[in-house]
file final_33.pdb (PDB, C-alpha atoms, pLDDT in the B column)
ATOM      1  CA  MET J 172    -122.663 -19.553 -22.438  1.00 50.00           C
ATOM      2  CA  GLU J 173    -119.438 -20.139 -24.410  1.00 58.00           C
ATOM      3  CA  THR J 174    -118.197 -23.728 -24.413  1.00 77.00           C
ATOM      4  CA  ARG J 175    -114.943 -23.082 -26.251  1.00 82.00           C
ATOM      5  CA  PRO J 176    -112.257 -20.384 -26.098  1.00 87.00           C
ATOM      6  CA  PRO J 177    -112.451 -17.498 -28.577  1.00 89.00           C
ATOM      7  CA  ARG J 178    -110.641 -18.462 -31.758  1.00 90.00           C
ATOM      8  CA  LEU J 179    -108.345 -15.432 -31.666  1.00 92.00           C
ATOM      9  CA  ILE J 180    -107.169 -16.224 -28.127  1.00 91.00           C
ATOM     10  CA  GLU J 181    -106.716 -19.898 -28.987  1.00 92.00           C
ATOM     11  CA  GLN J 182    -104.610 -19.036 -32.031  1.00 92.00           C
ATOM     12  CA  ALA J 183    -102.503 -16.591 -30.007  1.00 92.00           C
ATOM     13  CA  VAL J 184    -101.829 -19.211 -27.321  1.00 93.00           C
ATOM     14  CA  GLY J 185    -101.070 -21.851 -29.950  1.00 92.00           C
ATOM     15  CA  PHE J 186     -98.498 -19.584 -31.566  1.00 92.00           C
ATOM     16  CA  PHE J 187     -96.327 -19.718 -28.428  1.00 92.00           C
ATOM     17  CA  ILE J 188     -96.613 -23.490 -27.920  1.00 93.00           C
ATOM     18  CA  PRO J 189     -93.934 -25.621 -29.660  1.00 91.00           C
ATOM     19  CA  PRO J 190     -95.482 -27.379 -32.701  1.00 90.00           C
ATOM     20  CA  ALA J 191     -94.459 -30.836 -31.462  1.00 88.00           C
ATOM     21  CA  CYS J 192     -96.918 -30.649 -28.547  1.00 89.00           C
ATOM     22  CA  ARG J 193     -99.237 -27.865 -29.694  1.00 91.00           C
ATOM     23  CA  GLU J 194    -102.248 -30.015 -30.553  1.00 91.00           C
ATOM     24  CA  HIS J 195    -102.085 -31.957 -27.293  1.00 92.00           C
ATOM     25  CA  ILE J 196    -101.722 -28.865 -25.077  1.00 92.00           C
ATOM     26  CA  LEU J 197    -104.465 -26.944 -26.882  1.00 92.00           C
ATOM     27  CA  GLY J 198    -106.739 -29.962 -26.486  1.00 91.00           C
ATOM     28  CA  ASP J 199    -106.169 -30.072 -22.726  1.00 91.00           C
ATOM     29  CA  LEU J 200    -106.758 -26.335 -22.413  1.00 91.00           C
ATOM     30  CA  TYR J 201    -109.896 -26.655 -24.522  1.00 91.00           C
ATOM     31  CA  GLU J 202    -111.354 -29.365 -22.258  1.00 90.00           C
ATOM     32  CA  ARG J 203    -110.752 -27.275 -19.131  1.00 89.00           C
ATOM     33  CA  TYR J 204    -112.063 -24.027 -20.617  1.00 90.00           C
ATOM     34  CA  SER J 205    -114.510 -22.062 -18.490  1.00 88.00           C
ATOM     35  CA  SER J 206    -113.800 -18.427 -19.377  1.00 89.00           C
ATOM     36  CA  PRO J 207    -111.327 -16.401 -21.455  1.00 90.00           C
ATOM     37  CA  VAL J 208    -109.539 -15.181 -18.317  1.00 91.00           C
ATOM     38  CA  GLN J 209    -109.210 -18.698 -16.925  1.00 91.00           C
ATOM     39  CA  TYR J 210    -107.976 -19.954 -20.310  1.00 92.00           C
ATOM     40  CA  VAL J 211    -105.278 -17.292 -20.621  1.00 92.00           C
ATOM     41  CA  LEU J 212    -104.088 -17.663 -17.022  1.00 93.00           C
ATOM     42  CA  GLU J 213    -103.852 -21.438 -17.315  1.00 93.00           C
ATOM     43  CA  ALA J 214    -102.019 -21.118 -20.627  1.00 93.00           C
ATOM     44  CA  LEU J 215     -99.514 -18.689 -19.079  1.00 93.00           C
ATOM     45  CA  SER J 216     -98.881 -21.025 -16.148  1.00 93.00           C
ATOM     46  CA  THR J 217     -98.484 -24.063 -18.420  1.00 93.00           C
ATOM     47  CA  LEU J 218     -96.372 -22.560 -21.190  1.00 94.00           C
ATOM     48  CA  PRO J 219     -93.034 -22.286 -19.294  1.00 93.00           C
ATOM     49  CA  PHE J 220     -93.146 -25.986 -18.361  1.00 94.00           C
ATOM     50  CA  VAL J 221     -94.066 -26.996 -21.911  1.00 93.00           C
ATOM     51  CA  ILE J 222     -91.170 -25.007 -23.390  1.00 94.00           C
ATOM     52  CA  ALA J 223     -88.747 -26.318 -20.749  1.00 94.00           C
ATOM     53  CA  SER J 224     -89.797 -29.899 -21.504  1.00 93.00           C
ATOM     54  CA  GLN J 225     -89.299 -29.398 -25.226  1.00 93.00           C
ATOM     55  CA  VAL J 226     -85.903 -27.744 -24.669  1.00 93.00           C
ATOM     56  CA  ARG J 227     -84.843 -30.726 -22.552  1.00 92.00           C
ATOM     57  CA  ARG J 228     -85.720 -33.059 -25.435  1.00 91.00           C
ATOM     58  CA  THR J 229     -83.980 -31.077 -28.173  1.00 90.00           C
ATOM     59  CA  PHE J 230     -80.975 -29.595 -26.351  1.00 91.00           C
ATOM     60  CA  ARG J 231     -77.596 -30.827 -27.614  1.00 87.00           C
ATOM     61  CA  LEU J 232     -74.562 -29.975 -25.539  1.00 83.00           C
ATOM     62  CA  ASP J 233     -72.136 -30.533 -28.417  1.00 79.00           C
ATOM     63  CA  LEU J 234     -74.074 -28.145 -30.679  1.00 85.00           C
ATOM     64  CA  PHE J 235     -74.330 -25.617 -27.828  1.00 89.00           C
ATOM     65  CA  VAL J 236     -70.553 -25.663 -27.244  1.00 83.00           C
ATOM     66  CA  ALA J 237     -69.823 -25.393 -30.979  1.00 83.00           C
ATOM     67  CA  GLU J 238     -72.159 -22.400 -31.365  1.00 89.00           C
ATOM     68  CA  ALA J 239     -70.667 -20.723 -28.281  1.00 88.00           C
ATOM     69  CA  ALA J 240     -67.179 -21.151 -29.718  1.00 83.00           C
ATOM     70  CA  ALA J 241     -68.281 -19.805 -33.114  1.00 86.00           C
ATOM     71  CA  LEU J 242     -69.858 -16.710 -31.532  1.00 90.00           C
ATOM     72  CA  TYR J 243     -66.788 -16.100 -29.365  1.00 86.00           C
ATOM     73  CA  ILE J 244     -64.513 -16.315 -32.417  1.00 83.00           C
ATOM     74  CA  ALA J 245     -66.767 -13.982 -34.420  1.00 86.00           C
ATOM     75  CA  PHE J 246     -67.232 -11.203 -31.871  1.00 87.00           C
ATOM     76  CA  GLY J 247     -63.965 -11.687 -29.989  1.00 81.00           C
ATOM     77  CA  GLY J 248     -62.058 -11.817 -33.260  1.00 79.00           C
ATOM     78  CA  ALA J 249     -63.807  -8.684 -34.537  1.00 80.00           C
ATOM     79  CA  SER J 250     -62.439  -6.712 -31.588  1.00 78.00           C
ATOM     80  CA  VAL J 251     -58.861  -7.620 -32.565  1.00 75.00           C
ATOM     81  CA  ALA J 252     -59.000  -4.787 -35.110  1.00 72.00           C
ATOM     82  CA  ALA J 253     -58.689  -2.384 -32.148  1.00 70.00           C
ATOM     83  CA  GLY J 254     -55.844  -4.358 -30.585  1.00 69.00           C
ATOM     84  CA  PRO J 255     -55.335  -7.902 -29.259  1.00 63.00           C
ATOM     85  CA  ALA J 256     -56.123  -6.862 -25.681  1.00 66.00           C
ATOM     86  CA  TYR J 257     -59.151  -4.686 -26.498  1.00 69.00           C
ATOM     87  CA  LEU J 258     -61.730  -6.860 -24.714  1.00 71.00           C
ATOM     88  CA  TYR J 259     -59.593  -7.176 -21.586  1.00 68.00           C
ATOM     89  CA  ASP J 260     -58.438  -3.555 -21.430  1.00 67.00           C
ATOM     90  CA  ARG J 261     -62.005  -2.239 -21.844  1.00 70.00           C
ATOM     91  CA  GLY J 262     -63.531  -4.774 -19.452  1.00 68.00           C
ATOM     92  CA  ALA J 263     -65.704  -6.055 -22.282  1.00 74.00           C
ATOM     93  CA  LEU J 264     -65.759  -9.722 -21.285  1.00 79.00           C
ATOM     94  CA  ILE J 265     -69.069  -9.342 -19.418  1.00 85.00           C
ATOM     95  CA  PRO J 266     -70.777  -7.618 -22.395  1.00 87.00           C
ATOM     96  CA  LEU J 267     -69.412 -10.323 -24.681  1.00 87.00           C
ATOM     97  CA  ALA J 268     -70.723 -13.050 -22.367  1.00 89.00           C
ATOM     98  CA  ILE J 269     -74.160 -11.409 -22.262  1.00 91.00           C
ATOM     99  CA  LEU J 270     -74.278 -11.082 -26.042  1.00 92.00           C
ATOM    100  CA  VAL J 271     -73.230 -14.701 -26.639  1.00 92.00           C
ATOM    101  CA  GLY J 272     -75.570 -15.950 -23.907  1.00 93.00           C
ATOM    102  CA  VAL J 273     -78.635 -14.236 -25.392  1.00 95.00           C
ATOM    103  CA  ALA J 274     -77.845 -15.493 -28.893  1.00 95.00           C
ATOM    104  CA  LEU J 275     -77.379 -19.050 -27.588  1.00 94.00           C
ATOM    105  CA  MET J 276     -80.641 -18.898 -25.650  1.00 95.00           C
ATOM    106  CA  VAL J 277     -82.547 -17.889 -28.786  1.00 95.00           C
ATOM    107  CA  LEU J 278     -80.897 -20.673 -30.799  1.00 94.00           C
ATOM    108  CA  VAL J 279     -81.809 -23.241 -28.118  1.00 94.00           C
ATOM    109  CA  LEU J 280     -85.426 -22.061 -28.272  1.00 93.00           C
ATOM    110  CA  ALA J 281     -85.312 -22.238 -32.079  1.00 91.00           C
ATOM    111  CA  ASP J 282     -84.300 -25.899 -31.813  1.00 91.00           C
ATOM    112  CA  ALA J 283     -87.169 -26.531 -29.381  1.00 91.00           C
ATOM    113  CA  TYR J 284     -89.733 -24.975 -31.726  1.00 90.00           C
ATOM    114  CA  ASN J 285     -88.242 -26.477 -34.882  1.00 85.00           C
ATOM    115  CA  PRO J 286     -86.350 -29.680 -34.003  1.00 75.00           C
ATOM    116  CA  ARG J 287     -86.390 -31.065 -37.553  1.00 73.00           C
ATOM    117  CA  PRO J 288     -83.911 -30.007 -40.245  1.00 66.00           C
ATOM    118  CA  GLY J 289     -85.224 -27.028 -42.161  1.00 65.00           C
ATOM    119  CA  SER J 290     -84.534 -25.281 -45.411  1.00 69.00           C
ATOM    120  CA  SER J 291     -81.685 -22.829 -45.935  1.00 75.00           C
ATOM    121  CA  SER J 292     -84.070 -19.885 -45.575  1.00 78.00           C
ATOM    122  CA  ALA J 293     -85.378 -21.260 -42.263  1.00 80.00           C
ATOM    123  CA  ARG J 294     -81.801 -21.708 -41.062  1.00 82.00           C
ATOM    124  CA  ARG J 295     -80.930 -18.112 -41.943  1.00 85.00           C
ATOM    125  CA  LEU J 296     -84.095 -16.911 -40.212  1.00 89.00           C
ATOM    126  CA  GLU J 297     -83.157 -18.706 -36.974  1.00 90.00           C
ATOM    127  CA  ILE J 298     -79.690 -17.167 -37.014  1.00 91.00           C
ATOM    128  CA  GLY J 299     -81.073 -13.739 -37.880  1.00 92.00           C
ATOM    129  CA  ILE J 300     -83.556 -13.849 -34.994  1.00 93.00           C
ATOM    130  CA  ALA J 301     -80.797 -14.951 -32.600  1.00 93.00           C
ATOM    131  CA  LEU J 302     -78.514 -12.087 -33.606  1.00 93.00           C
ATOM    132  CA  ALA J 303     -81.412  -9.614 -33.558  1.00 94.00           C
ATOM    133  CA  GLY J 304     -82.248 -10.726 -30.014  1.00 93.00           C
ATOM    134  CA  ALA J 305     -78.615 -10.332 -28.974  1.00 93.00           C
ATOM    135  CA  PHE J 306     -78.405  -6.835 -30.492  1.00 94.00           C
ATOM    136  CA  ALA J 307     -81.731  -5.866 -28.875  1.00 94.00           C
ATOM    137  CA  SER J 308     -80.391  -6.963 -25.486  1.00 92.00           C
ATOM    138  CA  GLN J 309     -77.377  -4.703 -26.013  1.00 92.00           C
ATOM    139  CA  THR J 310     -79.692  -1.774 -26.779  1.00 92.00           C
ATOM    140  CA  ILE J 311     -81.727  -2.360 -23.622  1.00 93.00           C
ATOM    141  CA  ILE J 312     -78.646  -2.805 -21.436  1.00 91.00           C
ATOM    142  CA  ARG J 313     -77.132   0.368 -22.907  1.00 89.00           C
ATOM    143  CA  LEU J 314     -80.031   2.326 -21.389  1.00 90.00           C
ATOM    144  CA  ILE J 315     -79.491   0.747 -17.963  1.00 89.00           C
ATOM    145  CA  HIS J 316     -75.754   0.017 -17.699  1.00 86.00           C
ATOM    146  CA  PRO J 317     -73.730   1.336 -20.673  1.00 86.00           C
ATOM    147  CA  GLN J 318     -70.523  -0.261 -19.371  1.00 84.00           C
ATOM    148  CA  TRP J 319     -71.988  -3.705 -20.099  1.00 85.00           C
ATOM    149  CA  THR J 320     -72.327  -3.150 -23.846  1.00 86.00           C
ATOM    150  CA  LEU J 321     -70.023  -3.681 -26.810  1.00 87.00           C
ATOM    151  CA  PRO J 322     -69.227  -0.940 -29.353  1.00 87.00           C
ATOM    152  CA  VAL J 323     -71.512  -0.830 -32.380  1.00 88.00           C
ATOM    153  CA  TRP J 324     -68.653  -1.592 -34.777  1.00 88.00           C
ATOM    154  CA  VAL J 325     -67.873  -4.808 -32.870  1.00 87.00           C
ATOM    155  CA  LEU J 326     -71.542  -5.833 -33.062  1.00 89.00           C
ATOM    156  CA  LEU J 327     -71.732  -5.205 -36.805  1.00 90.00           C
ATOM    157  CA  ALA J 328     -68.424  -6.858 -37.662  1.00 89.00           C
ATOM    158  CA  GLY J 329     -69.000  -9.814 -35.346  1.00 88.00           C
ATOM    159  CA  GLY J 330     -72.554 -10.276 -36.592  1.00 90.00           C
ATOM    160  CA  ALA J 331     -71.414 -10.400 -40.210  1.00 90.00           C
ATOM    161  CA  VAL J 332     -68.719 -12.970 -39.412  1.00 87.00           C
ATOM    162  CA  SER J 333     -70.958 -15.115 -37.187  1.00 90.00           C
ATOM    163  CA  ILE J 334     -73.716 -15.677 -39.790  1.00 90.00           C
ATOM    164  CA  PRO J 335     -71.789 -18.097 -42.066  1.00 88.00           C
ATOM    165  CA  MET J 336     -70.099 -19.729 -39.066  1.00 86.00           C
ATOM    166  CA  LEU J 337     -73.392 -20.426 -37.289  1.00 88.00           C
ATOM    167  CA  ARG J 338     -75.021 -21.613 -40.486  1.00 87.00           C
ATOM    168  CA  MET J 339     -72.206 -24.076 -41.124  1.00 82.00           C
ATOM    169  CA  THR J 340     -72.392 -25.324 -37.545  1.00 83.00           C
ATOM    170  CA  ARG J 341     -76.162 -25.828 -37.532  1.00 84.00           C
ATOM    171  CA  VAL J 342     -76.197 -27.525 -40.916  1.00 81.00           C
ATOM    172  CA  SER J 343     -73.400 -29.852 -39.800  1.00 76.00           C
ATOM    173  CA  PHE J 344     -75.201 -30.873 -36.611  1.00 74.00           C
ATOM    174  CA  ARG J 345     -78.850 -30.758 -37.609  1.00 68.00           C
ATOM    175  CA  GLY J 346     -78.582 -31.698 -41.258  1.00 62.00           C
ATOM    176  CA  ASP J 347     -80.799 -30.370 -44.023  1.00 52.00           C
ATOM    177  CA  ARG J 348     -84.005 -31.386 -45.741  1.00 51.00           C
ATOM    178  CA  ARG J 349     -81.923 -32.374 -48.717  1.00 49.00           C
ATOM    179  CA  ASP J 350     -80.106 -34.994 -46.612  1.00 47.00           C
ATOM    180  CA  LYS J 351     -82.605 -37.794 -47.244  1.00 48.00           C
ATOM    181  CA  PRO J 352     -81.865 -41.481 -47.767  1.00 45.00           C
ATOM    182  CA  ILE J 353     -81.717 -42.604 -51.364  1.00 43.00           C
ATOM    183  CA  ILE J 354     -84.823 -44.668 -52.052  1.00 44.00           C
ATOM    184  CA  ALA J 355     -85.070 -47.217 -54.804  1.00 43.00           C
ATOM    185  CA  ASP J 356     -88.473 -48.774 -55.571  1.00 45.00           C
ATOM    186  CA  GLY J 357     -89.850 -47.170 -52.407  1.00 47.00           C
ATOM    187  CA  VAL J 358     -87.330 -48.900 -50.092  1.00 47.00           C
ATOM    188  CA  ALA J 359     -84.166 -47.307 -48.673  1.00 49.00           C
ATOM    189  CA  PRO J 360     -80.977 -49.429 -48.796  1.00 53.00           C
ATOM    190  CA  PRO J 361     -80.346 -50.998 -45.356  1.00 53.00           C
ATOM    191  CA  ASP J 362     -76.911 -49.405 -44.988  1.00 52.00           C
ATOM    192  CA  GLU J 363     -77.846 -45.975 -46.336  1.00 47.00           C
ATOM    193  CA  VAL J 364     -79.190 -44.427 -43.117  1.00 47.00           C
ATOM    194  CA  PRO J 365     -76.231 -45.569 -40.903  1.00 52.00           C
ATOM    195  CA  ARG J 366     -73.785 -44.422 -43.571  1.00 52.00           C
ATOM    196  CA  ARG J 367     -75.302 -40.949 -43.788  1.00 51.00           C
ATOM    197  CA  SER J 368     -75.552 -40.750 -39.998  1.00 52.00           C
ATOM    198  CA  ALA J 369     -71.865 -41.601 -39.569  1.00 53.00           C
ATOM    199  CA  LYS J 370     -70.896 -39.152 -42.296  1.00 53.00           C
ATOM    200  CA  GLY J 371     -72.895 -36.351 -40.664  1.00 54.00           C
ATOM    201  CA  TYR J 372     -71.423 -37.158 -37.269  1.00 53.00           C
ATOM    202  CA  ARG J 373     -67.853 -36.911 -38.605  1.00 57.00           C
ATOM    203  CA  LYS J 374     -68.668 -33.643 -40.370  1.00 56.00           C
ATOM    204  CA  ALA J 375     -70.133 -32.157 -37.182  1.00 57.00           C
ATOM    205  CA  TRP J 376     -67.061 -33.267 -35.244  1.00 55.00           C
ATOM    206  CA  ARG J 377     -64.703 -31.531 -37.663  1.00 58.00           C
ATOM    207  CA  VAL J 378     -66.650 -28.266 -37.554  1.00 59.00           C
ATOM    208  CA  SER J 379     -66.864 -28.357 -33.759  1.00 57.00           C
ATOM    209  CA  LEU J 380     -63.168 -28.978 -33.299  1.00 59.00           C
ATOM    210  CA  ILE J 381     -62.337 -26.135 -35.706  1.00 60.00           C
ATOM    211  CA  TRP J 382     -64.513 -23.658 -33.796  1.00 57.00           C
ATOM    212  CA  LEU J 383     -63.285 -24.885 -30.418  1.00 60.00           C
ATOM    213  CA  ALA J 384     -59.656 -24.638 -31.512  1.00 60.00           C
ATOM    214  CA  GLY J 385     -60.284 -21.155 -32.901  1.00 59.00           C
ATOM    215  CA  ALA J 386     -61.896 -20.003 -29.642  1.00 60.00           C
ATOM    216  CA  LEU J 387     -58.928 -21.263 -27.648  1.00 57.00           C
ATOM    217  CA  VAL J 388     -56.496 -19.540 -30.015  1.00 56.00           C
ATOM    218  CA  VAL J 389     -58.343 -16.214 -29.569  1.00 57.00           C
ATOM    219  CA  MET J 390     -58.271 -16.685 -25.787  1.00 57.00           C
ATOM    220  CA  LEU J 391     -54.690 -17.875 -25.439  1.00 52.00           C
ATOM    221  CA  ASN J 392     -53.217 -15.256 -27.782  1.00 52.00           C
ATOM    222  CA  SER J 393     -54.440 -12.376 -25.679  1.00 53.00           C
ATOM    223  CA  PRO J 394     -51.575 -10.429 -24.090  1.00 51.00           C
ATOM    224  CA  GLN J 395     -53.574 -10.438 -20.851  1.00 50.00           C
ATOM    225  CA  PHE J 396     -53.688 -14.206 -20.670  1.00 49.00           C
ATOM    226  CA  ARG J 397     -51.151 -15.596 -18.187  1.00 46.00           C
ATOM    227  CA  LEU J 398     -51.223 -19.012 -16.618  1.00 44.00           C
ATOM    228  CA  GLN J 399     -50.190 -17.611 -13.240  1.00 42.00           C
ATOM    229  CA  SER J 400     -52.728 -14.784 -13.113  1.00 44.00           C
ATOM    230  CA  GLY J 401     -55.422 -16.357 -15.247  1.00 50.00           C
ATOM    231  CA  LEU J 402     -55.627 -19.895 -13.938  1.00 48.00           C
ATOM    232  CA  TRP J 403     -59.424 -19.735 -14.039  1.00 47.00           C
ATOM    233  CA  GLN J 404     -59.294 -19.076 -17.783  1.00 53.00           C
ATOM    234  CA  PHE J 405     -57.066 -22.080 -18.343  1.00 54.00           C
ATOM    235  CA  GLY J 406     -59.362 -24.191 -16.187  1.00 53.00           C
ATOM    236  CA  ALA J 407     -62.407 -22.994 -18.112  1.00 55.00           C
ATOM    237  CA  ALA J 408     -60.745 -23.946 -21.385  1.00 56.00           C
ATOM    238  CA  VAL J 409     -59.860 -27.417 -20.096  1.00 55.00           C
ATOM    239  CA  LEU J 410     -63.379 -27.887 -18.731  1.00 54.00           C
ATOM    240  CA  LEU J 411     -64.859 -26.832 -22.073  1.00 56.00           C
ATOM    241  CA  ILE J 412     -62.766 -29.405 -23.930  1.00 57.00           C
ATOM    242  CA  ALA J 413     -63.580 -32.118 -21.365  1.00 57.00           C
ATOM    243  CA  ILE J 414     -67.329 -31.492 -21.624  1.00 56.00           C
ATOM    244  CA  PHE J 415     -67.212 -31.529 -25.394  1.00 57.00           C
ATOM    245  CA  LEU J 416     -65.136 -34.725 -25.623  1.00 56.00           C
ATOM    246  CA  THR J 417     -67.243 -36.520 -22.998  1.00 55.00           C
ATOM    247  CA  THR J 418     -70.459 -35.647 -24.815  1.00 57.00           C
ATOM    248  CA  ALA J 419     -69.015 -36.811 -28.120  1.00 56.00           C
ATOM    249  CA  VAL J 420     -67.856 -40.140 -26.647  1.00 54.00           C
ATOM    250  CA  LEU J 421     -71.239 -40.787 -25.019  1.00 51.00           C
ATOM    251  CA  LYS J 422     -73.042 -40.019 -28.266  1.00 54.00           C
ATOM    252  CA  SER J 423     -70.681 -42.302 -30.169  1.00 53.00           C
ATOM    253  CA  LYS J 424     -71.332 -45.185 -27.737  1.00 50.00           C
ATOM    254  CA  LYS J 425     -75.069 -44.582 -27.924  1.00 50.00           C
ATOM    255  CA  GLY J 426     -74.897 -44.706 -31.698  1.00 50.00           C
ATOM    256  CA  ASP J 427     -72.936 -47.978 -31.577  1.00 49.00           C
ATOM    257  CA  GLU J 428     -75.560 -49.533 -29.287  1.00 50.00           C
ATOM    258  CA  ARG J 429     -78.247 -48.717 -31.813  1.00 47.00           C
TER     259      ARG J 429
END

call {"tool": "encode", "arguments": {"input": "final_33.pdb", "output": "structure tokens"}}
result
Amino acid sequence: METRPPRLIEQAVGFFIPPACREHILGDLYERYSSPVQYVLEALSTLPFVIASQVRRTFRLDLFVAEAAALYIAFGGASVAAGPAYLYDRGALIPLAILVGVALMVLVLADAYNPRPGSSSARRLEIGIALAGAFASQTIIRLIHPQWTLPVWVLLAGGAVSIPMLRMTRVSFRGDRRDKPIIADGVAPPDEVPRRSAKGYRKAWRVSLIWLAGALVVMLNSPQFRLQSGLWQFGAAVLLIAIFLTTAVLKSKKGDER
């Protein structure tokens, strides 16, 4: 009688568990193993809670808002080539929201699976997977509800513009492996880590404000935008700014307490 799960099944389950808690979860599943079917079913029931817990630990509202603004500028700005009111006249706001939402969801999951700063190639891979997931969602939706999809030329142009914008945003917020404290004789200077932290925080702030300002410019410059008829849009913009500023202030106070 088998006393451990088949190695292939164990490796497949481990692939979907975030690395930060992979060893612990696999150990618990190993101890409760009774059969391959039981192992797989228990892994499937546990995995959503494990991923949700890791997302809760790694999710950053300020990064999320900055990435949303960058994606809106990229794909919303790409549509300007067909006219300032293209998205509104074609009813393309829902497709744009779906596209941005899928890309953001993939990026949030990427942070959960890889919370530490990575190399430039890893950063590009995360962005590429996010855009590929967004494009794949458009392909699937096109088969079900073609009205909820963006034209191919908007996808291609927006995707090309969003890559450097997302990379800049993620590097600004999450740093890079090269951003390590300078160590002399095996000991880092006492003020080096706070100095680099403050510098990175200011850099992330600047990038976020640029993307947020750009997103508001794209929204407010639309011929369809009117304060009287589009009060909800104005309210959404104000709410977006309020959330972003509140998060930044709370993070700043938390950093001061440390």

call {"tool": "closest_residue", "arguments": {"input": "final_33.pdb", "among": "J:Arg175, J:Ala253, J:Ile311, J:Ala293", "to": "Ser206 (chain J)", "atoms": "only C-alpha atoms"}}
result
J:Arg175

call {"tool": "closest_residue", "arguments": {"input": "final_33.pdb", "among": "J:Pro189, J:Gly299, J:Pro322, J:Gly198", "to": "Ser224 (chain J)", "atoms": "all atoms listed in the file"}}
result
J:Pro189

call {"tool": "resolve_selection", "arguments": {"input": "final_33.pdb", "expression": "the PyMOL selection byres ((chain J and resi 318) around 12)", "output": "PyMOL selection string"}}
result
chain J and resi 261-267+309-310+312-317+319-322

call {"tool": "atom_distance", "arguments": {"input": "final_33.pdb", "atom1": "CA of Val208 (chain J)", "atom2": "CA of Glu181 (chain J)"}}
result
12.0 Å

call {"tool": "atom_distance", "arguments": {"input": "final_33.pdb", "atom1": "CA of Val323 (chain J)", "atom2": "CA of Asp282 (chain J)"}}
result
28.1 Å

call {"tool": "closest_residue", "arguments": {"input": "final_33.pdb", "among": "J:Leu179, J:Ala268, J:Ile222, J:Ala303", "to": "Ala283 (chain J)", "atoms": "all atoms listed in the file"}}
result
J:Ile222

call {"tool": "residues_around", "arguments": {"input": "final_33.pdb", "residues": "region 269-276 of chain J", "least_positions_apart": "6", "cutoff": "12 Å", "atoms": "only C-alpha atoms", "output": "PDB file with C-alpha atoms, keeping the file's coordinate frame"}}
result
ATOM      1  CA  VAL J 226     -85.903 -27.744 -24.669  1.00 93.00           C
ATOM      2  CA  PHE J 230     -80.975 -29.595 -26.351  1.00 91.00           C
ATOM      3  CA  ARG J 231     -77.596 -30.827 -27.614  1.00 87.00           C
ATOM      4  CA  LEU J 232     -74.562 -29.975 -25.539  1.00 83.00           C
ATOM      5  CA  LEU J 234     -74.074 -28.145 -30.679  1.00 85.00           C
ATOM      6  CA  PHE J 235     -74.330 -25.617 -27.828  1.00 89.00           C
ATOM      7  CA  VAL J 236     -70.553 -25.663 -27.244  1.00 83.00           C
ATOM      8  CA  ALA J 237     -69.823 -25.393 -30.979  1.00 83.00           C
ATOM      9  CA  GLU J 238     -72.159 -22.400 -31.365  1.00 89.00           C
ATOM     10  CA  ALA J 239     -70.667 -20.723 -28.281  1.00 88.00           C
ATOM     11  CA  ALA J 240     -67.179 -21.151 -29.718  1.00 83.00           C
ATOM     12  CA  ALA J 241     -68.281 -19.805 -33.114  1.00 86.00           C
ATOM     13  CA  LEU J 242     -69.858 -16.710 -31.532  1.00 90.00           C
ATOM     14  CA  TYR J 243     -66.788 -16.100 -29.365  1.00 86.00           C
ATOM     15  CA  ILE J 244     -64.513 -16.315 -32.417  1.00 83.00           C
ATOM     16  CA  ALA J 245     -66.767 -13.982 -34.420  1.00 86.00           C
ATOM     17  CA  PHE J 246     -67.232 -11.203 -31.871  1.00 87.00           C
ATOM     18  CA  GLY J 247     -63.965 -11.687 -29.989  1.00 81.00           C
ATOM     19  CA  ALA J 263     -65.704  -6.055 -22.282  1.00 74.00           C
ATOM     20  CA  ASP J 282     -84.300 -25.899 -31.813  1.00 91.00           C
ATOM     21  CA  ALA J 283     -87.169 -26.531 -29.381  1.00 91.00           C
ATOM     22  CA  GLU J 297     -83.157 -18.706 -36.974  1.00 90.00           C
ATOM     23  CA  ILE J 298     -79.690 -17.167 -37.014  1.00 91.00           C
ATOM     24  CA  GLY J 299     -81.073 -13.739 -37.880  1.00 92.00           C
ATOM     25  CA  ILE J 300     -83.556 -13.849 -34.994  1.00 93.00           C
ATOM     26  CA  ALA J 301     -80.797 -14.951 -32.600  1.00 93.00           C
ATOM     27  CA  LEU J 302     -78.514 -12.087 -33.606  1.00 93.00           C
ATOM     28  CA  ALA J 303     -81.412  -9.614 -33.558  1.00 94.00           C
ATOM     29  CA  GLY J 304     -82.248 -10.726 -30.014  1.00 93.00           C
ATOM     30  CA  ALA J 305     -78.615 -10.332 -28.974  1.00 93.00           C
ATOM     31  CA  PHE J 306     -78.405  -6.835 -30.492  1.00 94.00           C
ATOM     32  CA  ALA J 307     -81.731  -5.866 -28.875  1.00 94.00           C
ATOM     33  CA  SER J 308     -80.391  -6.963 -25.486  1.00 92.00           C
ATOM     34  CA  GLN J 309     -77.377  -4.703 -26.013  1.00 92.00           C
ATOM     35  CA  THR J 310     -79.692  -1.774 -26.779  1.00 92.00           C
ATOM     36  CA  ILE J 311     -81.727  -2.360 -23.622  1.00 93.00           C
ATOM     37  CA  ILE J 312     -78.646  -2.805 -21.436  1.00 91.00           C
ATOM     38  CA  TRP J 319     -71.988  -3.705 -20.099  1.00 85.00           C
ATOM     39  CA  THR J 320     -72.327  -3.150 -23.846  1.00 86.00           C
ATOM     40  CA  LEU J 321     -70.023  -3.681 -26.810  1.00 87.00           C
ATOM     41  CA  PRO J 322     -69.227  -0.940 -29.353  1.00 87.00           C
ATOM     42  CA  VAL J 325     -67.873  -4.808 -32.870  1.00 87.00           C
ATOM     43  CA  LEU J 326     -71.542  -5.833 -33.062  1.00 89.00           C
ATOM     44  CA  GLY J 329     -69.000  -9.814 -35.346  1.00 88.00           C
ATOM     45  CA  GLY J 330     -72.554 -10.276 -36.592  1.00 90.00           C
ATOM     46  CA  SER J 333     -70.958 -15.115 -37.187  1.00 90.00           C
ATOM     47  CA  ILE J 334     -73.716 -15.677 -39.790  1.00 90.00           C
ATOM     48  CA  LEU J 337     -73.392 -20.426 -37.289  1.00 88.00           C
TER      49      LEU J 337
END
